[in-house]
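A.B. asks: Structure file run_35.cif (mmCIF, C-alpha atoms) is given on the next line.
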```cif
data_work
#
loop_
_atom_site.group_PDB
_atom_site.id
_atom_site.type_symbol
_atom_site.label_atom_id
_atom_site.label_comp_id
_atom_site.auth_asym_id
_atom_site.auth_seq_id
_atom_site.Cartn_x
_atom_site.Cartn_y
_atom_site.Cartn_z
ATOM 1 C CA MET A 256 137.068 149.834 53.240
ATOM 2 C CA THR A 257 137.463 150.779 56.916
ATOM 3 C CA ILE A 258 138.367 148.394 59.725
ATOM 4 C CA LEU A 259 134.805 148.734 60.985
ATOM 5 C CA SER A 260 133.276 147.721 57.655
ATOM 6 C CA HIS A 261 135.706 144.769 57.473
ATOM 7 C CA TRP A 262 134.482 143.676 60.871
ATOM 8 C CA ARG A 263 130.846 143.980 59.817
ATOM 9 C CA ALA A 264 131.466 141.907 56.707
ATOM 10 C CA TRP A 265 133.113 139.141 58.740
ATOM 11 C CA ALA A 266 130.345 139.243 61.348
ATOM 12 C CA PHE A 267 127.700 138.859 58.615
ATOM 13 C CA LEU A 268 129.590 135.916 57.105
ATOM 14 C CA ILE A 269 129.935 134.184 60.470
ATOM 15 C CA VAL A 270 126.260 134.676 61.287
ATOM 16 C CA THR A 271 125.206 133.424 57.843
ATOM 17 C CA LEU A 272 127.359 130.297 58.071
ATOM 18 C CA SER A 273 126.303 129.493 61.601
ATOM 19 C CA ALA A 274 122.655 129.820 60.557
ATOM 20 C CA ALA A 275 123.013 127.105 57.892
ATOM 21 C CA PRO A 276 121.254 123.924 59.052
ATOM 22 C CA ALA A 277 123.454 121.105 60.324
ATOM 23 C CA GLY A 278 121.865 118.786 57.749
ATOM 24 C CA ALA A 279 122.920 120.878 54.744
ATOM 25 C CA GLN A 280 125.197 119.034 52.357
ATOM 26 C CA ASP A 281 126.877 119.181 48.982
ATOM 27 C CA GLY A 282 125.485 116.792 46.437
ATOM 28 C CA GLN A 283 126.576 115.028 43.302
ATOM 29 C CA ARG A 284 126.315 116.462 39.786
ATOM 30 C CA VAL A 285 123.924 114.328 37.731
ATOM 31 C CA THR A 286 121.986 114.163 34.481
ATOM 32 C CA ILE A 287 118.658 112.395 34.888
ATOM 33 C CA THR A 288 116.285 111.238 32.146
ATOM 34 C CA GLY A 289 112.782 110.098 32.985
ATOM 35 C CA GLU A 290 109.104 110.928 33.347
ATOM 36 C CA ILE A 291 107.799 113.733 35.554
ATOM 37 C CA SER A 292 105.759 111.740 38.052
ATOM 38 C CA ASP A 293 103.383 112.258 40.910
ATOM 39 C CA THR A 294 105.265 110.767 43.860
ATOM 40 C CA TRP A 295 102.201 109.685 45.821
ATOM 41 C CA CYS A 296 100.363 107.909 43.017
ATOM 42 C CA THR A 297 103.567 106.221 41.931
ATOM 43 C CA ILE A 298 104.318 104.646 45.298
ATOM 44 C CA SER A 299 100.763 104.127 46.546
ATOM 45 C CA GLY A 300 99.959 101.690 43.755
ATOM 46 C CA LEU A 301 96.345 102.861 43.870
ATOM 47 C CA MET A 302 96.202 103.518 40.143
ATOM 48 C CA PHE A 303 98.230 103.324 36.952
ATOM 49 C CA ALA A 304 100.468 106.361 37.332
ATOM 50 C CA ARG A 305 102.195 106.857 34.003
ATOM 51 C CA GLY A 306 101.873 108.678 30.715
ATOM 52 C CA THR A 307 98.741 110.047 29.095
ATOM 53 C CA ALA A 308 96.458 107.988 31.360
ATOM 54 C CA HIS A 309 97.742 109.753 34.428
ATOM 55 C CA HIS A 310 98.474 113.239 33.102
ATOM 56 C CA GLN A 311 95.321 114.900 34.467
ATOM 57 C CA CYS A 312 95.617 113.260 37.883
ATOM 58 C CA ALA A 313 99.278 114.268 38.110
ATOM 59 C CA ILE A 314 98.284 117.898 37.488
ATOM 60 C CA TRP A 315 95.761 117.726 40.314
ATOM 61 C CA CYS A 316 98.322 116.231 42.702
ATOM 62 C CA ALA A 317 101.049 118.702 41.745
ATOM 63 C CA LEU A 318 98.708 121.661 42.276
ATOM 64 C CA GLY A 319 97.584 120.066 45.531
ATOM 65 C CA GLY A 320 101.175 120.329 46.709
ATOM 66 C CA ILE A 321 102.201 116.674 46.584
ATOM 67 C CA PRO A 322 105.920 116.384 45.750
ATOM 68 C CA VAL A 323 106.782 115.845 42.099
ATOM 69 C CA SER A 324 109.533 113.436 41.086
ATOM 70 C CA ILE A 325 111.328 112.249 37.993
ATOM 71 C CA ARG A 326 111.083 108.477 37.548
ATOM 72 C CA ASP A 327 113.923 107.002 35.544
ATOM 73 C CA PRO A 328 113.673 103.761 33.529
ATOM 74 C CA ALA A 329 115.094 101.773 36.457
ATOM 75 C CA GLY A 330 112.259 102.947 38.706
ATOM 76 C CA ASN A 331 114.317 105.383 40.771
ATOM 77 C CA LEU A 332 112.431 108.449 41.967
ATOM 78 C CA TYR A 333 114.194 111.822 42.134
ATOM 79 C CA LEU A 334 112.155 114.282 44.176
ATOM 80 C CA ILE A 335 112.345 117.807 42.750
ATOM 81 C CA LEU A 336 113.080 120.631 45.229
ATOM 82 C CA LYS A 337 113.812 123.386 42.709
ATOM 83 C CA ILE A 338 114.115 124.122 39.014
ATOM 84 C CA GLY A 339 116.655 126.794 38.144
ATOM 85 C CA ASP A 340 116.041 129.808 40.336
ATOM 86 C CA ASP A 341 112.489 128.692 41.043
ATOM 87 C CA ASP A 342 112.532 127.098 44.497
ATOM 88 C CA GLU A 343 108.767 126.691 44.812
ATOM 89 C CA SER A 344 108.375 122.919 44.984
ATOM 90 C CA ALA A 345 104.834 122.866 46.384
ATOM 91 C CA ALA A 346 101.819 123.571 44.154
ATOM 92 C CA ASN A 347 103.897 125.235 41.453
ATOM 93 C CA PRO A 348 101.847 125.578 38.213
ATOM 94 C CA ARG A 349 105.057 125.551 36.161
ATOM 95 C CA ILE A 350 105.892 122.066 37.432
ATOM 96 C CA ALA A 351 102.266 120.925 37.177
ATOM 97 C CA ARG A 352 102.266 121.768 33.457
ATOM 98 C CA MET A 353 105.124 119.300 32.974
ATOM 99 C CA ALA A 354 103.172 116.384 34.442
ATOM 100 C CA THR A 355 104.096 113.050 32.786
ATOM 101 C CA HIS A 356 106.488 114.750 30.353
ATOM 102 C CA GLN A 357 109.628 112.880 29.373
ATOM 103 C CA VAL A 358 112.545 115.096 30.351
ATOM 104 C CA THR A 359 116.291 115.199 30.713
ATOM 105 C CA VAL A 360 117.611 117.480 33.431
ATOM 106 C CA ASP A 361 120.983 118.505 34.833
ATOM 107 C CA GLY A 362 121.281 119.168 38.525
ATOM 108 C CA GLU A 363 122.508 118.250 41.962
ATOM 109 C CA LEU A 364 121.521 115.024 43.709
ATOM 110 C CA LEU A 365 121.227 114.887 47.503
ATOM 111 C CA GLU A 366 120.525 111.473 49.032
ATOM 112 C CA ARG A 367 119.126 111.461 52.551
ATOM 113 C CA ASP A 368 117.209 108.932 54.665
ATOM 114 C CA GLY A 369 115.746 106.952 51.797
ATOM 115 C CA VAL A 370 115.031 109.835 49.428
ATOM 116 C CA LYS A 371 116.861 111.076 46.335
ATOM 117 C CA TYR A 372 116.345 114.844 46.264
ATOM 118 C CA LEU A 373 117.065 116.659 43.027
ATOM 119 C CA LEU A 374 117.949 120.339 42.645
ATOM 120 C CA VAL A 375 117.419 120.876 38.936
ATOM 121 C CA ASP A 376 119.715 123.459 37.365
ATOM 122 C CA ARG A 377 118.266 123.230 33.882
ATOM 123 C CA ILE A 378 115.894 121.214 31.777
ATOM 124 C CA ALA A 379 118.094 120.015 28.932
ATOM 125 C CA ASP A 380 115.256 118.376 26.998
ATOM 126 C CA ASP A 381 111.467 118.146 27.273
ATOM 127 C CA LYS A 382 109.813 115.765 24.824
ATOM 128 C CA GLY A 383 106.337 116.335 26.270
ATOM 129 C CA VAL A 384 104.039 113.394 26.995
ATOM 130 C CA ILE A 385 105.183 110.451 24.896
ATOM 131 C CA SER A 386 103.879 107.439 26.790
ATOM 132 C CA MET A 387 100.408 106.733 25.317
ATOM 133 C CA THR A 388 99.068 104.731 28.245
ATOM 134 C CA HIS A 389 95.455 105.952 27.892
ATOM 135 C CA GLU A 390 94.893 103.490 25.067
ATOM 136 C CA GLU A 391 95.094 100.667 27.613
ATOM 137 C CA HIS A 392 94.266 102.366 30.909
ATOM 138 C CA GLY A 393 91.857 105.170 29.980
ATOM 139 C CA ILE A 394 91.982 108.257 32.211
ATOM 140 C CA GLN A 395 93.107 107.469 35.754
ATOM 141 C CA PRO A 396 91.691 107.286 38.356
ATOM 142 C CA PHE A 397 88.035 107.936 37.538
ATOM 143 C CA GLY A 398 87.849 107.390 33.804
ATOM 144 C CA ASN A 399 87.135 111.027 32.999
ATOM 145 C CA MET B 138 84.929 104.722 60.812
ATOM 146 C CA LEU B 139 87.330 102.604 62.846
ATOM 147 C CA ARG B 140 88.827 105.793 64.255
ATOM 148 C CA HIS B 141 85.406 107.035 65.381
ATOM 149 C CA MET B 142 84.554 103.686 66.959
ATOM 150 C CA LEU B 143 87.837 103.721 68.844
ATOM 151 C CA GLY B 144 87.121 107.253 69.966
ATOM 152 C CA VAL B 145 83.637 106.381 71.259
ATOM 153 C CA ALA B 146 84.984 103.298 73.011
ATOM 154 C CA ALA B 147 87.692 105.373 74.614
ATOM 155 C CA LEU B 148 85.211 107.977 75.823
ATOM 156 C CA LEU B 149 82.994 105.268 77.311
ATOM 157 C CA ALA B 150 86.025 103.823 79.059
ATOM 158 C CA GLY B 151 87.012 107.231 80.383
ATOM 159 C CA ILE B 152 90.195 107.364 78.330
ATOM 160 C CA PRO B 153 91.098 110.723 76.738
ATOM 161 C CA VAL B 154 90.512 110.469 73.001
ATOM 162 C CA THR B 155 93.897 112.023 72.282
ATOM 163 C CA THR B 156 95.708 108.988 73.629
ATOM 164 C CA VAL B 157 94.079 106.474 71.321
ATOM 165 C CA ARG B 158 94.413 108.122 67.971
ATOM 166 C CA ALA B 159 95.974 105.842 65.412
ATOM 167 C CA ALA B 160 96.546 106.416 61.752
ATOM 168 C CA GLU B 161 94.078 104.819 59.379
ATOM 169 C CA ALA B 162 95.670 102.073 57.311
ATOM 170 C CA TRP B 163 95.516 102.428 53.522
ATOM 171 C CA ASN B 164 97.119 99.084 52.743
ATOM 172 C CA ILE B 165 99.787 100.793 50.685
ATOM 173 C CA PRO B 166 102.927 98.745 50.080
ATOM 174 C CA TYR B 167 105.573 99.367 52.760
ATOM 175 C CA GLU B 168 103.265 101.448 54.989
ATOM 176 C CA THR B 169 103.642 101.542 58.774
ATOM 177 C CA ALA B 170 101.298 103.457 61.051
ATOM 178 C CA THR B 171 103.407 105.643 63.303
ATOM 179 C CA ILE B 172 103.613 108.924 65.181
ATOM 180 C CA LEU B 173 106.619 111.028 64.246
ATOM 181 C CA LYS B 174 107.927 113.632 66.668
ATOM 182 C CA GLY B 175 110.150 116.287 65.187
ATOM 183 C CA ARG B 176 110.848 119.859 64.174
ATOM 184 C CA VAL B 177 109.116 121.280 61.097
ATOM 185 C CA VAL B 178 111.620 122.453 58.493
ATOM 186 C CA ASP B 179 111.606 123.219 54.804
ATOM 187 C CA ALA B 180 113.419 120.577 52.788
ATOM 188 C CA LEU B 181 115.535 122.891 50.647
ATOM 189 C CA CYS B 182 116.718 124.787 53.712
ATOM 190 C CA HIS B 183 117.480 121.708 55.766
ATOM 191 C CA LEU B 184 119.222 119.764 53.010
ATOM 192 C CA LYS B 185 121.007 122.541 51.146
ATOM 193 C CA GLY B 186 121.039 125.551 53.425
ATOM 194 C CA ARG B 187 118.890 127.663 51.092
ATOM 195 C CA CYS B 188 116.667 129.123 53.765
ATOM 196 C CA THR B 189 113.928 131.678 54.180
ATOM 197 C CA PRO B 190 112.687 132.882 57.578
ATOM 198 C CA ASP B 191 109.259 131.298 57.098
ATOM 199 C CA CYS B 192 110.001 127.853 55.617
ATOM 200 C CA GLY B 193 109.217 129.141 52.133
ATOM 201 C CA SER B 194 105.833 130.722 52.894
ATOM 202 C CA GLY B 195 104.005 127.515 52.092
ATOM 203 C CA LYS B 196 105.560 127.147 48.654
ATOM 204 C CA ARG B 197 108.266 124.605 49.524
ATOM 205 C CA GLN B 198 108.084 120.976 50.533
ATOM 206 C CA LEU B 199 108.259 120.485 54.300
ATOM 207 C CA GLY B 200 109.328 117.708 56.597
ATOM 208 C CA LEU B 201 110.272 116.747 60.124
ATOM 209 C CA VAL B 202 113.736 116.474 61.657
ATOM 210 C CA LEU B 203 113.503 113.725 64.256
ATOM 211 C CA ALA B 204 115.509 113.580 67.504
ATOM 212 C CA ASP B 205 118.093 111.245 65.934
ATOM 213 C CA GLY B 206 118.611 113.622 63.001
ATOM 214 C CA THR B 207 116.561 111.624 60.500
ATOM 215 C CA PHE B 208 114.703 113.821 58.010
ATOM 216 C CA ARG B 209 111.248 112.660 56.957
ATOM 217 C CA LEU B 210 109.580 114.418 54.067
ATOM 218 C CA VAL B 211 105.844 114.805 54.716
ATOM 219 C CA ALA B 212 104.329 114.326 51.297
ATOM 220 C CA LYS B 213 100.594 113.752 51.693
ATOM 221 C CA SER B 214 97.723 114.983 53.831
ATOM 222 C CA ASN B 215 94.293 113.591 54.577
ATOM 223 C CA VAL B 216 92.753 115.492 51.647
ATOM 224 C CA ASP B 217 92.503 113.687 48.320
ATOM 225 C CA PHE B 218 95.134 114.806 45.793
ATOM 226 C CA ALA B 219 96.704 117.180 48.311
ATOM 227 C CA GLY B 220 100.009 117.525 50.113
ATOM 228 C CA SER B 221 100.729 118.498 53.692
ATOM 229 C CA VAL B 222 102.365 121.925 53.425
ATOM 230 C CA ARG B 223 99.227 123.731 54.594
ATOM 231 C CA ASP B 224 99.047 121.517 57.673
ATOM 232 C CA LEU B 225 102.677 122.066 58.667
ATOM 233 C CA ILE B 226 103.568 125.613 57.635
ATOM 234 C CA GLY B 227 102.044 127.124 60.769
ATOM 235 C CA TYR B 228 104.541 125.126 62.847
ATOM 236 C CA CYS B 229 107.688 126.210 60.975
ATOM 237 C CA GLY B 230 110.684 125.683 63.266
ATOM 238 C CA ARG B 231 108.583 124.131 66.048
ATOM 239 C CA GLU B 232 108.369 120.623 67.433
ATOM 240 C CA ILE B 233 105.188 118.703 66.658
ATOM 241 C CA GLU B 234 103.738 115.220 66.672
ATOM 242 C CA ALA B 235 102.421 113.876 63.388
ATOM 243 C CA ASP B 236 100.233 110.798 63.232
ATOM 244 C CA GLY B 237 100.176 108.968 59.930
ATOM 245 C CA LEU B 238 101.694 106.347 57.673
ATOM 246 C CA LEU B 239 105.398 106.053 56.973
ATOM 247 C CA ILE B 240 105.795 104.663 53.466
ATOM 248 C CA ALA B 241 109.269 103.148 53.245
ATOM 249 C CA ASN B 242 109.110 102.306 49.545
ATOM 250 C CA PRO B 243 112.532 101.291 48.184
ATOM 251 C CA ALA B 244 112.219 104.091 45.619
ATOM 252 C CA VAL B 245 111.368 106.806 48.136
ATOM 253 C CA THR B 246 110.472 107.084 51.822
ATOM 254 C CA VAL B 247 107.770 109.618 52.652
ATOM 255 C CA PHE B 248 105.256 110.299 55.409
ATOM 256 C CA PHE B 249 101.483 110.547 54.914
ATOM 257 C CA VAL B 250 100.224 112.735 57.763
ATOM 258 C CA GLN B 251 96.687 112.300 59.018
ATOM 259 C CA ALA B 252 96.722 114.508 62.134
ATOM 260 C CA VAL B 253 99.072 116.856 63.983
ATOM 261 C CA ARG B 254 99.448 118.445 67.393
ATOM 262 C CA GLU B 255 102.140 120.325 69.304
ATOM 263 C CA ARG B 256 101.825 118.639 72.681
ATOM 264 C CA PRO B 257 100.356 115.382 74.033
ATOM 265 C CA SER B 258 97.901 117.412 76.094
ATOM 266 C CA GLN B 259 96.372 118.912 72.954
ATOM 267 C CA PRO B 260 93.739 117.323 70.727
ATOM 268 C CA TRP B 261 94.812 115.988 67.359
ATOM 269 C CA ILE B 262 94.092 118.285 64.447
ATOM 270 C CA PRO B 263 93.093 116.439 61.264
ATOM 271 C CA ALA B 264 95.505 117.145 58.406
ATOM 272 C CA GLU B 265 92.829 118.700 56.212
ATOM 273 C CA ARG B 266 93.931 122.317 56.108
ATOM 274 C CA PHE B 267 94.371 122.251 52.325
ATOM 275 C CA LYS B 268 90.618 121.859 51.835
ATOM 276 C CA THR B 269 89.799 124.638 54.299
ATOM 277 C CA ASP B 270 92.206 127.042 52.633
ATOM 278 C CA TRP B 271 91.135 126.039 49.121
ATOM 279 C CA GLU B 272 87.448 126.606 49.941
ATOM 280 C CA ALA B 273 88.258 129.996 51.474
ATOM 281 C CA ARG B 274 89.734 131.021 48.116
ATOM 282 C CA ASN B 275 87.382 129.241 45.734
ATOM 283 C CA GLY B 276 84.168 128.361 47.571
ATOM 284 C CA LYS B 277 82.712 124.963 48.399
ATOM 285 C CA ALA B 278 83.179 122.107 45.975
ATOM 286 C CA ALA B 279 82.487 118.401 46.299
ATOM 287 C CA GLU B 280 85.759 117.650 44.500
ATOM 288 C CA TRP B 281 88.263 120.480 44.783
ATOM 289 C CA TRP B 282 90.446 119.045 42.035
ATOM 290 C CA ARG B 283 87.733 119.235 39.381
ATOM 291 C CA ALA B 284 86.817 122.780 40.436
ATOM 292 C CA ASP B 285 90.342 124.137 40.712
ATOM 293 C CA PRO B 286 90.751 127.101 38.333
ATOM 294 C CA GLU B 287 94.481 126.523 37.744
ATOM 295 C CA ALA B 288 94.031 122.809 37.025
ATOM 296 C CA ASN B 289 91.128 123.452 34.695
ATOM 297 C CA HIS B 290 93.129 126.138 32.891
ATOM 298 C CA ILE B 291 96.056 123.785 32.263
ATOM 299 C CA ILE B 292 93.817 120.875 31.231
ATOM 300 C CA ALA B 293 91.815 123.125 28.893
ATOM 301 C CA GLU B 294 95.017 124.213 27.169
ATOM 302 C CA ASP B 295 96.880 120.908 26.949
ATOM 303 C CA GLY B 296 94.021 118.405 27.123
ATOM 304 C CA PRO B 297 93.472 115.648 29.698
ATOM 305 C CA TYR B 298 96.229 113.548 28.136
ATOM 306 C CA GLY B 299 98.739 116.387 28.027
ATOM 307 C CA ILE B 300 98.867 116.387 24.234
ATOM 308 C CA LYS B 301 97.237 119.330 22.513
ATOM 309 C CA GLY B 302 94.464 118.199 20.190
ATOM 310 C CA LEU B 303 94.241 114.683 21.636
ATOM 311 C CA ARG B 304 90.859 114.316 23.279
ATOM 312 C CA PRO B 305 88.898 111.373 24.692
ATOM 313 C CA LYS B 306 86.580 109.740 22.124
#
```
Mind turning the file's structure into structure tokens?

C.D. replies:
Amino acid sequence: MTILSHWRAWAFLIVTLSAAPAGAQDGQRVTITGEISDTWCTISGLMFARGTAHHQCAIWCALGGIPVSIRDPAGNLYLILKIGDDDESAANPRIARMATHQVTVDGELLERDGVKYLLVDRIADDKGVISMTHEEHGIQPFGN
Amino acid sequence: MLRHMLGVAALLAGIPVTTVRAAEAWNIPYETATILKGRVVDALCHLKGRCTPDCGSGKRQLGLVLADGTFRLVAKSNVDFAGSVRDLIGYCGREIEADGLLIANPAVTVFFVQAVRERPSQPWIPAERFKTDWEARNGKAAEWWRADPEANHIIAEDGPYGIKGLRPK
């Protein structure tokens, strides 16, 4: 490698690092177990937003581009920003298909201004939809 | 309705409509009507440094970086069952004003945008771009969500409950 190519490599590195946003941070390694949830319906309280009763609605919201979260048993919401190499977190059919599934994921947790953001590295387990809420709540929100 | 009445009253009083816009309340727990002023960024880029030149081409969640450095994810638009990416992506990297509801739920804090503009001198633009773009691709529909080809494909395969073979009685 010539001196010139060394210089170019360093210049590229400096430019790349300086372009990183000031808010970028390293997170915490976590394993999260919970239900894939529509963030808006969960916090709006406008309907029952869990399990089989809410599966169809959660697909609509995910394809509409509303952020998708994992809700753990304690009620924490972990907002998904990527899964593996797939960094499409808005209207991603792959994520929509997982609506209301019970999953366990490994990833990186970033907490910022009242939100737990989750960068999923891998889905360790996907049990599918296991919460049979339609027996009590029908299909939310319109009944069909 | 309230918004329109306020607008008419403002016009009659000679006040520019743009100065009186206020987000419509939804009576959601922890909501506060507010106007956020900040720079449009993509969340993955801002939080982790994984950036693309165009904020993810409309395929990543977006938010606003406020003057004090606070990052507010903009999660919902004024279209039923739809997020706000379509309303914000055209402003990637630019400062805007967003009128809506800040939902400071203990589990997650997000912003529900109802209208946007770049400068106070400009009219507010309703945050309904998702519907416009969807109809350009799929045609008019009274309820986009029931007419969406991708949604209908998934629901046809997995059923409305998400369990193959389990159907409503």

A.B. asks: Work out how far apart CA of Leu184 in chain B and CA of Gly282 in chain A are and give it in Å to one decimal.

C.D. replies: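 Atom-to-atom, CA of Leu184 in chain B and CA of Gly282 in chain A are spaced 9.6 Å apart.
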
A.B. asks: Give me, as a PyMOL selection string, the residues of chain B touching chain A, with the criterion being at most 8 Å (counting all atoms listed in the file).

C.D. replies: chain B and resi 165-166+180-188+193+195-198+207-209+212-213+218-222+241-247+267+282+287-288+291-292+297-300

A.B. asks: Quote the spacing between CA of Ala160 in chain B and CA of Glu272 in chain B in Å to one decimal place.

C.D. replies: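 Between these atoms lies a distance of 25.1 Å.
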
A.B. asks: Please identify all polymer residues lying at most 10 Å from the point (97.9, 113.5, 60.1) (file coordinates), using all atoms listed in the file, and present the result as a count of residues only.

C.D. replies: 29

A.B. asks: When you draw a straight line from CA of Phe303 in chain A to CA of Arg283 in chain B, how long is it in Å?

C.D. replies: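 Those two atoms sit 19.2 Å apart.
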
A.B. asks: Padding 3 Å on every side, please: axis-aligned box over the listed atoms of range 226-229 of chain B, centre and edge lengths to one decimal in Å, as AutoDock Vina command-line options.

C.D. replies:
```
--center_x 104.9 --center_y 126.1 --center_z 60.2 --size_x 11.6 --size_y 8.0 --size_z 11.2
```
